[in-house]
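Trainee: So here's run_9.txt, just compact mmCIF, C-alpha atoms and all ligand atoms:
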```txt
# COMPACT_ATOMS: atom_id res chain seq x y z
CA MET A 6 0.99 -20.45 8.25
CA LYS A 7 -2.54 -20.95 6.93
CA MET A 8 -3.64 -17.94 4.94
CA GLY A 9 -7.13 -16.85 3.94
CA ILE A 10 -8.09 -14.30 1.31
CA LEU A 11 -11.17 -12.11 1.73
CA GLY A 12 -12.54 -10.94 -1.65
CA ALA A 13 -11.68 -12.78 -4.86
CA GLY A 14 -10.83 -9.82 -7.10
CA ASN A 15 -7.84 -8.72 -9.11
CA ILE A 16 -5.19 -8.22 -6.46
CA ALA A 17 -6.36 -11.30 -4.56
CA GLY A 18 -5.21 -13.25 -7.64
CA THR A 19 -1.73 -11.72 -7.45
CA MET A 20 -1.49 -12.60 -3.76
CA ALA A 21 -2.71 -16.14 -4.46
CA LYS A 22 -0.01 -16.58 -7.15
CA THR A 23 2.55 -15.31 -4.67
CA ILE A 24 1.75 -17.55 -1.73
CA ARG A 25 1.50 -20.57 -4.04
CA GLU A 26 5.28 -20.12 -4.45
CA MET A 27 5.94 -19.76 -0.71
CA PRO A 28 6.51 -23.20 0.88
CA GLN A 29 6.05 -21.75 4.37
CA VAL A 30 2.50 -20.54 3.56
CA GLN A 31 -0.56 -22.73 3.02
CA SER A 32 -3.21 -21.43 0.60
CA TRP A 33 -5.92 -22.36 3.06
CA ALA A 34 -9.17 -20.61 2.14
CA VAL A 35 -10.70 -17.95 -0.08
CA ALA A 36 -14.01 -16.17 0.51
CA SER A 37 -16.13 -14.33 -1.98
CA ARG A 38 -19.63 -12.91 -1.87
CA SER A 39 -20.29 -15.52 -4.55
CA LEU A 40 -19.61 -19.20 -3.84
CA GLU A 41 -19.03 -19.88 -7.56
CA ARG A 42 -16.37 -17.17 -7.68
CA ALA A 43 -14.71 -18.54 -4.54
CA GLN A 44 -14.72 -22.06 -5.97
CA ALA A 45 -13.29 -20.94 -9.30
CA PHE A 46 -10.58 -18.95 -7.50
CA ALA A 47 -9.76 -21.87 -5.17
CA GLY A 48 -9.51 -24.19 -8.17
CA GLU A 49 -7.29 -21.83 -10.13
CA TYR A 50 -4.86 -21.10 -7.30
CA GLY A 51 -5.00 -24.33 -5.29
CA PHE A 52 -6.83 -23.21 -2.14
CA ALA A 53 -8.06 -25.96 0.19
CA HIS A 54 -11.39 -24.27 0.99
CA ALA A 55 -13.81 -21.95 -0.82
CA TYR A 56 -16.43 -19.97 1.08
CA GLY A 57 -19.44 -18.11 -0.31
CA SER A 58 -19.42 -15.53 2.47
CA TYR A 59 -16.79 -13.57 4.38
CA GLU A 60 -18.40 -14.68 7.67
CA GLU A 61 -17.51 -18.31 6.93
CA LEU A 62 -13.86 -17.40 6.38
CA VAL A 63 -13.52 -15.46 9.63
CA SER A 64 -15.24 -18.31 11.49
CA ASP A 65 -12.76 -20.90 10.23
CA PRO A 66 -10.66 -21.70 13.32
CA GLU A 67 -7.71 -22.88 11.20
CA VAL A 68 -6.99 -19.55 9.49
CA ASP A 69 -3.89 -17.78 10.88
CA LEU A 70 -3.87 -14.65 8.71
CA ILE A 71 -6.51 -13.02 6.51
CA TYR A 72 -5.56 -10.85 3.55
CA VAL A 73 -8.29 -8.24 3.00
CA ALA A 74 -8.42 -7.52 -0.73
CA THR A 75 -11.63 -5.49 -1.08
CA PRO A 76 -12.01 -1.83 -2.18
CA HIS A 77 -10.84 0.95 0.20
CA SER A 78 -14.44 1.73 1.11
CA HIS A 79 -14.81 -1.71 2.69
CA HIS A 80 -11.50 -2.25 4.50
CA TYR A 81 -12.90 -0.77 7.73
CA GLU A 82 -15.92 -3.08 7.80
CA HIS A 83 -13.98 -6.16 6.70
CA MET A 84 -11.10 -5.64 9.10
CA LYS A 85 -13.56 -5.21 11.95
CA LEU A 86 -15.22 -8.47 10.94
CA CYS A 87 -11.85 -10.27 11.03
CA ILE A 88 -10.74 -8.72 14.30
CA ALA A 89 -14.07 -9.46 16.01
CA HIS A 90 -13.36 -13.12 15.23
CA GLY A 91 -9.83 -12.90 16.63
CA LYS A 92 -8.12 -13.05 13.23
CA ASN A 93 -4.79 -11.51 12.28
CA VAL A 94 -5.12 -9.20 9.29
CA LEU A 95 -3.03 -7.97 6.38
CA THR A 96 -5.10 -5.29 4.60
CA GLU A 97 -4.51 -3.76 1.21
CA LYS A 98 -3.74 -0.07 0.92
CA SER A 99 -5.17 2.41 1.49
CA PHE A 100 -5.75 1.07 4.98
CA THR A 101 -9.17 2.71 5.38
CA GLN A 102 -11.07 5.66 3.90
CA ASN A 103 -9.92 8.08 6.59
CA ALA A 104 -7.89 8.37 9.79
CA ALA A 105 -10.88 8.07 12.11
CA GLN A 106 -11.66 4.62 10.70
CA ALA A 107 -7.98 3.61 10.93
CA LYS A 108 -7.75 4.63 14.59
CA GLU A 109 -10.92 2.75 15.47
CA VAL A 110 -9.76 -0.44 13.75
CA LEU A 111 -6.34 -0.33 15.40
CA LYS A 112 -7.88 0.29 18.82
CA MET A 113 -10.11 -2.72 18.32
CA ALA A 114 -7.14 -4.84 17.22
CA GLU A 115 -5.22 -3.84 20.34
CA ALA A 116 -8.14 -4.79 22.56
CA LYS A 117 -8.44 -8.16 20.82
CA GLY A 118 -4.67 -8.75 20.77
CA VAL A 119 -4.41 -9.52 17.05
CA LEU A 120 -1.87 -8.50 14.43
CA VAL A 121 -3.04 -5.88 11.93
CA THR A 122 -0.85 -4.45 9.22
CA GLU A 123 -1.20 -2.52 5.98
CA ALA A 124 -0.21 -4.25 2.74
CA ILE A 125 1.63 -1.25 1.32
CA TRP A 126 4.19 -3.48 -0.35
CA THR A 127 6.75 -0.74 -1.05
CA ARG A 128 7.45 -0.58 2.69
CA TYR A 129 8.42 -4.26 2.90
CA ILE A 130 10.60 -4.77 -0.19
CA PRO A 131 14.39 -5.21 0.20
CA MET A 132 15.08 -2.25 -2.13
CA ARG A 133 13.65 0.02 0.54
CA ARG A 134 16.64 -0.84 2.75
CA THR A 135 18.99 -0.43 -0.22
CA LEU A 136 17.66 3.08 -0.76
CA ASP A 137 18.15 3.87 2.95
CA GLU A 138 21.75 2.66 2.72
CA VAL A 139 22.48 4.73 -0.39
CA LEU A 140 21.11 7.84 1.33
CA GLU A 141 23.00 7.11 4.55
CA SER A 142 26.27 6.66 2.60
CA GLY A 143 26.20 10.39 1.83
CA ILE A 144 26.92 9.77 -1.84
CA ILE A 145 24.50 12.52 -2.95
CA GLY A 146 25.43 14.80 -0.07
CA THR A 147 22.50 16.39 1.72
CA PRO A 148 19.16 15.55 0.09
CA HIS A 149 17.02 18.69 -0.22
CA SER A 150 14.19 17.78 -2.58
CA LEU A 151 12.40 14.76 -3.94
CA TYR A 152 9.96 14.11 -6.69
CA ALA A 153 7.67 11.11 -7.25
CA THR A 154 5.09 10.37 -9.89
CA LEU A 155 2.72 7.44 -10.31
CA SER A 156 -0.05 7.31 -12.87
CA TYR A 157 -1.98 4.65 -14.73
CA PRO A 158 -4.93 4.99 -17.13
CA LEU A 159 -7.60 3.48 -14.86
CA THR A 160 -10.80 5.36 -15.67
CA HIS A 161 -12.35 2.12 -16.97
CA VAL A 162 -11.99 0.52 -13.50
CA LYS A 163 -15.10 0.81 -11.34
CA ARG A 164 -13.36 0.97 -7.98
CA MET A 165 -11.43 4.03 -9.26
CA THR A 166 -14.43 6.01 -10.53
CA GLU A 167 -17.10 5.08 -7.99
CA PRO A 168 -17.46 7.51 -5.05
CA ALA A 169 -19.13 4.82 -2.91
CA LEU A 170 -16.00 2.65 -3.33
CA ALA A 171 -13.78 5.55 -2.19
CA GLY A 172 -12.37 5.82 -5.70
CA GLY A 173 -10.06 8.48 -7.09
CA ALA A 174 -6.32 8.72 -7.63
CA LEU A 175 -5.23 9.61 -4.09
CA LEU A 176 -6.15 6.51 -2.09
CA ASP A 177 -5.21 4.19 -4.92
CA ILE A 178 -2.01 5.50 -6.48
CA GLY A 179 -1.21 8.81 -4.78
CA VAL A 180 -0.73 6.82 -1.58
CA TYR A 181 2.47 5.35 -3.08
CA THR A 182 3.96 8.78 -3.73
CA LEU A 183 3.15 9.83 -0.15
CA ASN A 184 4.72 6.65 1.23
CA PHE A 185 7.80 7.22 -0.93
CA ALA A 186 8.18 10.72 0.50
CA SER A 187 7.61 9.47 4.03
CA MET A 188 10.20 6.68 3.71
CA VAL A 189 12.83 9.11 2.40
CA PHE A 190 12.11 12.34 4.28
CA GLY A 191 10.15 11.18 7.34
CA ASP A 192 7.08 12.85 8.73
CA SER A 193 8.08 16.23 10.19
CA ILE A 194 5.91 18.09 7.70
CA ARG A 195 5.38 21.82 8.14
CA GLU A 196 3.08 22.47 5.21
CA VAL A 197 0.90 20.43 2.84
CA LYS A 198 -0.35 21.99 -0.36
CA ALA A 199 -2.59 20.04 -2.71
CA SER A 200 -4.52 20.69 -5.86
CA ALA A 201 -6.53 18.30 -7.98
CA VAL A 202 -8.58 17.85 -11.12
CA LEU A 203 -11.92 16.40 -10.08
CA THR A 204 -14.12 14.01 -12.04
CA ASP A 205 -17.74 14.94 -12.74
CA ARG A 206 -18.61 12.67 -9.78
CA GLY A 207 -16.41 14.63 -7.39
CA LEU A 208 -13.42 12.29 -7.15
CA ASP A 209 -9.81 13.30 -7.77
CA ALA A 210 -8.69 12.28 -11.26
CA ALA A 211 -5.25 13.83 -10.75
CA ASP A 212 -3.42 15.19 -7.72
CA SER A 213 -0.47 17.48 -7.28
CA ILE A 214 0.89 17.56 -3.74
CA THR A 215 3.74 19.57 -2.28
CA LEU A 216 5.09 18.76 1.16
CA ILE A 217 7.40 21.18 2.92
CA TYR A 218 9.30 19.78 5.88
CA GLU A 219 10.27 21.50 9.14
CA ASP A 220 13.93 21.63 8.05
CA GLY A 221 13.17 23.11 4.63
CA ARG A 222 13.22 19.95 2.51
CA MET A 223 10.55 19.66 -0.16
CA ALA A 224 8.66 16.77 -1.80
CA VAL A 225 6.70 17.26 -5.01
CA LEU A 226 4.28 14.44 -5.76
CA HIS A 227 2.00 13.72 -8.69
CA SER A 228 -0.57 11.08 -9.64
CA ASP A 229 -3.18 10.80 -12.39
CA MET A 230 -5.66 8.01 -13.04
CA ARG A 231 -6.23 9.13 -16.64
CA ALA A 232 -2.68 8.65 -17.97
CA GLY A 233 0.41 6.50 -17.79
CA CYS A 234 3.77 7.82 -16.61
CA ASN A 235 7.38 6.73 -16.01
CA ARG A 236 6.61 5.89 -12.32
CA GLU A 237 9.84 7.56 -11.31
CA GLY A 238 11.11 8.76 -7.97
CA ALA A 239 14.07 11.13 -7.68
CA ILE A 240 15.98 12.44 -4.67
CA TYR A 241 18.14 15.50 -5.19
CA GLY A 242 21.19 16.30 -3.06
CA ASP A 243 23.98 18.89 -3.18
CA LYS A 244 26.50 16.32 -4.49
CA GLY A 245 24.29 14.29 -6.81
CA TYR A 246 20.94 12.65 -7.19
CA ILE A 247 19.23 9.25 -7.02
CA MET A 248 16.74 7.94 -9.56
CA VAL A 249 14.38 5.15 -8.49
CA ARG A 250 12.86 3.17 -11.36
CA ASN A 251 9.21 2.43 -10.57
CA ILE A 252 8.24 3.64 -7.12
CA ASN A 253 5.41 1.07 -7.16
CA ASN A 254 7.76 -1.95 -7.32
CA CYS A 255 11.34 -0.75 -7.42
CA GLU A 256 13.12 -2.05 -10.53
CA GLY A 257 16.49 -0.50 -9.75
CA ILE A 258 18.24 2.49 -8.27
CA CYS A 259 20.80 4.66 -10.10
CA VAL A 260 22.98 7.33 -8.55
CA TYR A 261 24.34 10.28 -10.55
CA ASN A 262 26.89 12.96 -9.77
CA LEU A 263 26.35 16.64 -10.56
CA GLU A 264 27.94 16.07 -14.01
CA HIS A 265 25.05 13.62 -14.66
CA GLN A 266 27.35 10.61 -14.85
CA MET A 267 25.98 7.42 -13.32
CA ILE A 268 28.27 6.56 -10.40
CA ALA A 269 26.42 3.62 -8.86
CA GLU A 270 23.64 1.21 -9.72
CA TYR A 271 21.65 -1.20 -7.54
CA LYS A 272 19.61 -4.05 -9.01
CA THR A 273 16.41 -5.46 -7.56
CA PRO A 274 16.80 -9.03 -6.26
CA GLU A 275 14.77 -11.83 -7.87
CA GLN A 276 11.26 -11.88 -6.48
CA ILE A 277 8.02 -13.84 -6.83
CA THR A 278 5.79 -10.80 -7.29
CA GLY A 279 7.07 -8.56 -4.51
CA TYR A 280 4.08 -9.38 -2.28
CA GLU A 281 6.00 -12.15 -0.53
CA TYR A 282 7.85 -9.64 1.65
CA GLU A 283 4.71 -8.34 3.39
CA VAL A 284 3.58 -11.93 4.03
CA GLU A 285 7.01 -12.83 5.44
CA ALA A 286 6.85 -9.72 7.65
CA CYS A 287 3.50 -10.92 9.05
CA MET A 288 4.98 -14.35 9.74
CA ARG A 289 7.95 -12.83 11.56
CA ALA A 290 5.68 -10.59 13.62
CA LEU A 291 3.41 -13.50 14.54
CA GLU A 292 6.37 -15.69 15.49
CA ASN A 293 7.63 -12.92 17.76
CA GLY A 294 4.23 -12.23 19.30
CA LYS A 295 4.08 -8.73 17.76
CA LYS A 296 0.83 -6.98 16.87
CA GLU A 297 2.31 -4.78 14.15
CA CYS A 298 5.07 -5.00 11.57
CA PRO A 299 8.10 -2.72 12.07
CA GLU A 300 8.18 -2.12 8.29
CA MET A 301 4.84 -0.27 8.53
CA PRO A 302 4.09 0.63 12.15
CA HIS A 303 0.54 1.60 13.12
CA THR A 304 1.66 5.17 13.77
CA GLU A 305 2.75 5.40 10.10
CA THR A 306 -0.51 3.96 8.83
CA ILE A 307 -2.41 6.58 10.83
CA ARG A 308 -0.06 9.35 9.66
CA MET A 309 -0.62 8.39 6.03
CA MET A 310 -4.39 8.43 6.53
CA GLU A 311 -4.23 11.82 8.29
CA LEU A 312 -2.17 13.21 5.46
CA MET A 313 -4.72 11.99 2.93
CA ASP A 314 -7.57 13.46 5.04
CA ASN A 315 -5.74 16.79 4.95
CA ILE A 316 -5.24 16.57 1.17
CA ARG A 317 -8.87 15.61 0.57
CA ALA A 318 -10.03 18.55 2.69
CA GLN A 319 -7.97 20.86 0.47
CA ILE A 320 -9.19 19.42 -2.83
CA GLY A 321 -12.79 18.95 -1.69
CA VAL A 322 -13.15 15.17 -2.02
CA VAL A 323 -15.70 13.68 0.38
CA TYR A 324 -16.91 10.08 0.07
CA PRO A 325 -20.69 9.54 0.24
CA ASN A 326 -20.67 7.92 3.70
CA GLU A 327 -18.70 10.88 5.13
CA LYS A 328 -21.32 13.48 4.14
N1 LIG B 1 -0.65 -3.68 -3.87
C1 LIG B 1 -0.97 -3.37 -5.11
O1 LIG B 1 -0.13 -3.30 -5.99
C2 LIG B 1 -2.39 -3.16 -5.47
C3 LIG B 1 -2.76 -3.12 -6.80
C4 LIG B 1 -4.10 -2.97 -7.09
C5 LIG B 1 -5.01 -2.84 -6.07
N2 LIG B 1 -4.63 -2.85 -4.78
C6 LIG B 1 -5.59 -2.68 -3.68
O2 LIG B 1 -6.32 -3.87 -3.53
C7 LIG B 1 -7.67 -3.58 -3.16
C8 LIG B 1 -8.58 -4.25 -4.15
O3 LIG B 1 -8.28 -3.85 -5.45
P1 LIG B 1 -8.58 -4.81 -6.70
O4 LIG B 1 -7.92 -4.18 -7.86
O5 LIG B 1 -8.27 -6.21 -6.39
O6 LIG B 1 -10.16 -4.61 -6.81
P2 LIG B 1 -11.24 -5.59 -7.45
O7 LIG B 1 -10.65 -6.38 -8.55
O8 LIG B 1 -12.44 -4.76 -7.72
O9 LIG B 1 -11.56 -6.62 -6.28
C9 LIG B 1 -12.13 -6.22 -5.09
C10 LIG B 1 -12.95 -7.37 -4.54
O10 LIG B 1 -13.56 -6.93 -3.34
C11 LIG B 1 -14.76 -7.63 -3.12
N3 LIG B 1 -15.84 -6.71 -2.72
C12 LIG B 1 -16.49 -6.73 -1.56
N4 LIG B 1 -17.42 -5.77 -1.51
C13 LIG B 1 -17.37 -5.13 -2.67
C14 LIG B 1 -18.12 -4.06 -3.24
N5 LIG B 1 -19.11 -3.47 -2.56
N6 LIG B 1 -17.81 -3.68 -4.47
C15 LIG B 1 -16.81 -4.25 -5.17
N7 LIG B 1 -16.08 -5.28 -4.69
C16 LIG B 1 -16.36 -5.72 -3.45
C17 LIG B 1 -15.08 -8.37 -4.41
O11 LIG B 1 -14.80 -9.73 -4.19
P3 LIG B 1 -15.95 -10.84 -4.12
O12 LIG B 1 -17.02 -10.38 -5.02
O13 LIG B 1 -15.21 -12.02 -4.58
O14 LIG B 1 -16.41 -10.94 -2.72
C18 LIG B 1 -14.10 -7.81 -5.42
O15 LIG B 1 -13.72 -8.74 -6.38
C19 LIG B 1 -7.76 -2.06 -3.10
O16 LIG B 1 -7.56 -1.64 -1.78
C20 LIG B 1 -6.59 -1.59 -3.96
O17 LIG B 1 -6.08 -0.32 -3.60
C21 LIG B 1 -3.33 -3.02 -4.47
```
Any chance you could put this one into structure tokens?
Ligand SMILES: NC(=O)c1ccc[n+]([C@@H]2O[C@H](COP(=O)([O-])OP(=O)(O)OC[C@H]3O[C@@H](n4cnc5c(N)ncnc54)[C@H](OP(=O)(O)O)[C@@H]3O)[C@@H](O)[C@H]2O)c1

Mentor:
Amino acid sequence: MKMGILGAGNIAGTMAKTIREMPQVQSWAVASRSLERAQAFAGEYGFAHAYGSYEELVSDPEVDLIYVATPHSHHYEHMKLCIAHGKNVLTEKSFTQNAAQAKEVLKMAEAKGVLVTEAIWTRYIPMRRTLDEVLESGIIGTPHSLYATLSYPLTHVKRMTEPALAGGALLDIGVYTLNFASMVFGDSIREVKASAVLTDRGLDAADSITLIYEDGRMAVLHSDMRAGCNREGAIYGDKGYIMVRNINNCEGICVYNLEHQMIAEYKTPEQITGYEYEVEACMRALENGKKECPEMPHTETIRMMELMDNIRAQIGVVYPNEK
């Protein structure tokens, strides 16, 4: 598969390092708004072609899959550009700024018959299935509550602090806590309660979110772009509990009984960076003629965006182009 990268920023570099180690993927082309940046990136990571505009990348007939690695504010526009040119797309999280944009993009993809999927890597990693199996084994009894926290000190990063780039904690890091809750407890949510600390530019610096499910289960989620944290996820049952080390790239799962003794441990398999799984999922989907990846179906992508719209309405975060 010939892969193209749109936007030569930070995470594009991680993806480039990943696919360099995947013999089944060709590092075909990178596009940047600056030709010099594209050329430097192509040189560093061994891409065959460097383009000084995104239009050139989407017009390259050889490209099988484009990884969109721009800020959240621009995913909508850049995905539409790819789809209009009949390209399959893997787009970084958060998928778009809001659910309306997500629905429009996915409708367009359906009409064009191309694959579109969200690069929320935690959905594609093997430890996700391990966690499912541990839960299904009944080892912690009935799970009633979960907790997830993800924070990094990121206030020096422009895409986090800039309203026009759809910055803030929610779309960048809070999205992982919401996906964690969704993967464990599903989506039958009865009530969403959110509160936030806003920056002086009206973005959410920190979010606290409580989800109450139809059957009475509860998820308590936290993220903060001003501080670091232990990145932990925990699922509490009536016979024990599960601790997930690093909900952003699972580093291991431990199970405890009610006496707080560890009764099982699961180690993360060797990986390149963890991004290889979403690329492999795209390859499988393309080979099977699918237009979405079962690991992150379109309905889930839309649900996540709707949930974040709901949370933003509660905390009063509106991006400039939504006003
Ligand atoms: N999966 C993960 O673990 C993970 C981690 C971090 C970030 N991300 C996601 O990846 C995406 C990009 O994050 P990043 O950290 O790579 O950001 P970044 O370093 O700022 O890179 C974004 C790139 O987007 C391009 N771009 C196009 N229009 C832009 C504009 N108006 N302003 C700024 N940049 C623009 C730029 O590339 P050119 O100038 O080369 O065109 C820029 O280098 C976000 O959606 C973020 O949530 C994912």

Trainee: Go ahead and compute the interatomic distance for CA of Leu151 (chain A) and CA of Ala199 (chain A), in Å to one decimal.

Mentor: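 Spanning CA of Leu151 (chain A) to CA of Ala199 (chain A) is a straight-line distance of 15.9 Å.
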
Trainee: Neighbouring residues of ligand LIG 1 (chain B) are defined here as those with any atom at most 9 Å from a ligand atom, counting all atoms listed in the file; list them as a ChimeraX atom specification.

Mentor: /A:11-20,35-40,42-43,46,57-59,73-80,83,96-101,124-127,162-165,169-170,176-178,253-254,280

Trainee: Per residue of region 178-223 of chain A within 9 Å of region 303-310 of chain A, record the nearest atom pair and its distance in Å to one decimal, counting only C-alpha atoms, with rows in chain order and ascending residue number, as CSV.

Mentor:
```
residue,atom,partner,partner_atom,distance
A:Val180,CA,A:Met309,CA,7.8
A:Leu183,CA,A:Met309,CA,7.4
A:Asn184,CA,A:Met309,CA,7.4
A:Ser187,CA,A:Met309,CA,8.5
A:Asp192,CA,A:Arg308,CA,8.0
```

Trainee: Restricting the output to C-alpha atoms, write the selected residues as an mmCIF file, in the coordinates of the input.

Mentor:
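What ended up in result26.cif:
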```
data_model
loop_
_atom_site.group_PDB
_atom_site.id
_atom_site.type_symbol
_atom_site.label_atom_id
_atom_site.label_comp_id
_atom_site.auth_asym_id
_atom_site.auth_seq_id
_atom_site.Cartn_x
_atom_site.Cartn_y
_atom_site.Cartn_z
ATOM 1 C CA VAL A 180 -0.730 6.820 -1.580
ATOM 2 C CA LEU A 183 3.150 9.830 -0.150
ATOM 3 C CA ASN A 184 4.720 6.650 1.230
ATOM 4 C CA SER A 187 7.610 9.470 4.030
ATOM 5 C CA ASP A 192 7.080 12.850 8.730
#
```

Trainee: If we count only C-alpha atoms, what is near Pro131 (chain A) at a cut-off of 9 Å, once residues fewer than 4 positions away on the same chain are taken out, given as a list in words?

Mentor: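 Near neighbours after the sequence-gap exclusion: Thr127, Thr135, Leu136, Thr273, Pro274 and Tyr282 of chain A.
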
Trainee: How many Å separate CA of Cys259 (chain A) from CA of Thr215 (chain A)?

Mentor: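 So the answer is 24.0 Å.
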
Trainee: Please determine the residues with any atom at most 12 Å from (-2.2, 16.5, 2.8) (coordinates as given in the file, with only C-alpha atoms counting) and report them as an MDAnalysis selection string.

Mentor: chainID A and resid 175:176 179:180 182:183 192 194:201 212:217 224:226 308:321

Trainee: Work out how far apart CA of Ala107 (chain A) and CA of Thr23 (chain A) are and give it in Å to one decimal.

Mentor: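 A separation of 26.7 Å between them.
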
Trainee: Pick out the residues sitting within 12 Å of Ser64 (chain A), and hand them over as a list in words; count only C-alpha atoms, and ignore anything fewer than 6 positions along from it in its own chain.

Mentor: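 The filter keeps Gly9, Ala34, Ala36, Tyr56, Ser58, Ile71, Leu86, Cys87, Ile88, Ala89, His90, Gly91 and Lys92 of chain A.
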
Trainee: Could the centre and edge lengths of an axis-aligned box, enclosing all atoms of region 140-151 of chain A in the file with 6 Å extra on each side, be given in Å to one decimal as lines of an AutoDock Vina configuration file?

Mentor:
```
center_x = 19.7
center_y = 12.7
center_z = 0.3
size_x = 26.5
size_y = 24.0
size_z = 20.5
```

Trainee: Would you list the contacts of Val139 (chain A) as a PyMOL selection string, taking every protein, DNA or RNA residue within 9 Å and counting only C-alpha atoms, but skipping same-chain residues closer than 6 positions in sequence?

Mentor: chain A and resi 145+247+260

Trainee: With all atoms listed in the file as the basis for distance, which of A:Tyr129, A:Cys255, A:Tyr81, A:Lys7 is at the shortest distance from Ala105 (chain A)?

Mentor: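 Under the stated criterion, the closest residue is A:Tyr81.
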
Trainee: Measuring atom to atom with only C-alpha atoms, identify which of A:Ala210, A:Leu203, A:Leu291, A:Ala171 is nearest to Asn93 (chain A).

Mentor: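 Of all the options, A:Leu291 lies closest to Asn93 (chain A).
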
Trainee: Considering only C-alpha atoms, can you say which of A:Gln29, A:Asn326, A:Ser193, A:Asn103 comes closest to Arg289 (chain A)?

Mentor: A:Gln29

Trainee: So, counting all atoms listed in the file, which residue among A:Val202, A:Ala153, A:Met267, A:Met8 is closest to Met223 (chain A)?

Mentor: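 Closest candidate: A:Ala153.
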
Trainee: Using all atoms listed in the file, which residue out of A:Glu285, A:Asp137, A:Glu297, A:Glu275 lies closest to Phe190 (chain A)?

Mentor: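 For Phe190 (chain A), the nearest of the given residues is A:Asp137.
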
Trainee: From the options A:Glu60, A:Arg134, A:Ala47, A:Glu264, which residue's atoms come nearest to Met188 (chain A), counting all atoms listed in the file?

Mentor: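 With all atoms listed in the file as the atom set, the closest residue is A:Arg134.
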
Trainee: Could you give me, as a ChimeraX atom specification, the residues within 10 Å of Arg231 (chain A), counting only C-alpha atoms and dropping anything in the same chain fewer than 3 positions from it?

Mentor: /A:156-161,174,210-211,228

Trainee: What does the file look like for those residues with C-alpha atoms, as an mmCIF file, in the frame of the given file?

Mentor:
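See out-v6.cif below for the written result:
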```cif
data_model
loop_
_atom_site.group_PDB
_atom_site.id
_atom_site.type_symbol
_atom_site.label_atom_id
_atom_site.label_comp_id
_atom_site.auth_asym_id
_atom_site.auth_seq_id
_atom_site.Cartn_x
_atom_site.Cartn_y
_atom_site.Cartn_z
ATOM 1 C CA SER A 156 -0.050 7.310 -12.870
ATOM 2 C CA TYR A 157 -1.980 4.650 -14.730
ATOM 3 C CA PRO A 158 -4.930 4.990 -17.130
ATOM 4 C CA LEU A 159 -7.600 3.480 -14.860
ATOM 5 C CA THR A 160 -10.800 5.360 -15.670
ATOM 6 C CA HIS A 161 -12.350 2.120 -16.970
ATOM 7 C CA ALA A 174 -6.320 8.720 -7.630
ATOM 8 C CA ALA A 210 -8.690 12.280 -11.260
ATOM 9 C CA ALA A 211 -5.250 13.830 -10.750
ATOM 10 C CA SER A 228 -0.570 11.080 -9.640
#
```

Trainee: Counting all atoms listed in the file, find residues at most 6 Å from (10.4, 7.2, -7.3) (file frame) and give them as a list in words.

Mentor: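 Output of the proximity query reads Ala153, Glu237, Gly238, Ala239, Val249, Asn251 and Ile252 of chain A.
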